[in-house]
Amino acid sequence: FSTASMASAALPRVASVHAPMLARPRVLTGPRSRAGGVGGVRAASSAASVLSAEKKQLLAYIDEHGRGIFGLPRKVREQIDGAAQALEEHGAQNASMGGLPNAPMEVFDGEWRLLYTTLEIKGLAKTRLGLRGMVELGELYQHINIGGAHADTIATFSIPGLGAEGRLTVSASFEEEGHAESASEARRFQVQYTESTLEPDALAKVFEANMDLLLQTFNPEGWLDVTYVDADCRIGRDDKGRLFVLTRC
């Protein structure tokens, strides 16, 4: 997930959209360690243990404090970012566990759910989008189709007063650019907005006056560095400096 200002983007067309049927994703692992002998096995085991502990710590912080999309105290943000950096660094040093930089593209494929982000919806933006009681923001997903170089960012909503549920689907194409300049082990992807859909009509009417703001919030256009990936966890940082932690569905 990442955002970019789309002041000139056309308003999303209101359409009946159905989420794609997703096969259960394959569990992928990195390449086998080439270290030989008992010492090599012990080193690999130790590195894996460190990664596992750091991953558990990051997920524990997120579980305690939530997704962060409506804001968190600065100290909490720093704590979570520090845990993410530790996982990114050790994942890069141990590519067989962290999956970078030589992981196959298939490891990114499938459906992912957002666990945490430093993207924030606060203040006037939260009010304009009706997220102070009239509309409730549900789960946020990203469906990646590697074969088609296509990604859908999906934000789910509910309107308690109307008993209605719906979703915004923002579609984009992407292309891998290679390793990021700021982090040699990261994988950089350039993302280009293509279209967006909003359904049902009841939800479209609620957001009608603030459709541009809705798109600015959830549009993924720009570049995204994938800084860590394994079988069920992915960390990314976008061109706006925002952090995203996702889990495979």
# chains A, B, ... in the order shown; residues from 1 in each chain; ligands from 1

$ residues_around --residues "Arg132 of chain A" --least-positions-apart "4" --cutoff "12 Å" --atoms "only C-alpha atoms" --output "list of chain:residue names"
A:Phe70, A:Ile121, A:Lys122, A:Gly123, A:Leu124, A:Ala125, A:Lys126, A:Thr127, A:Arg128, A:Glu136, A:Leu137, A:Ile159, A:Pro160

$ select_by_dssp --residues "segment 91-140 of chain A" --states "strand (DSSP E or B)" --output "list in words"
Gly110, Glu111, Trp112, Arg113, Leu114, Leu115, Tyr116, Thr117, Glu136, Leu137, Gly138, Glu139 and Leu140 of chain A

$ residues_around --residues "Val245 of chain A" --least-positions-apart "3" --cutoff "9 Å" --atoms "only C-alpha atoms" --output "list of chain:residue names"
A:Ala84, A:Arg113, A:Leu114, A:Leu115, A:Tyr116, A:Thr117, A:Cys233, A:Arg234, A:Ile235, A:Gly236

$ select_by_dssp --residues "segment 109-230 of chain A" --states "alpha helix (DSSP H)" --output "ChimeraX atom specification"
/A:123-128,201-207,211-218

$ residues_around --residues "Leu162 of chain A" --least-positions-apart "4" --cutoff "12 Å" --atoms "only C-alpha atoms" --output "list in words"
Met134, Val135, Glu136, Phe157, Ser158, Gly166, Pro200, Asp201, Ala202, Leu203 and Val206 of chain A

$ closest_residue --among "A:Thr156, A:Thr118, A:Gly82, A:Tyr61" --to "Gly241 of chain A" --atoms "only C-alpha atoms"
A:Thr118
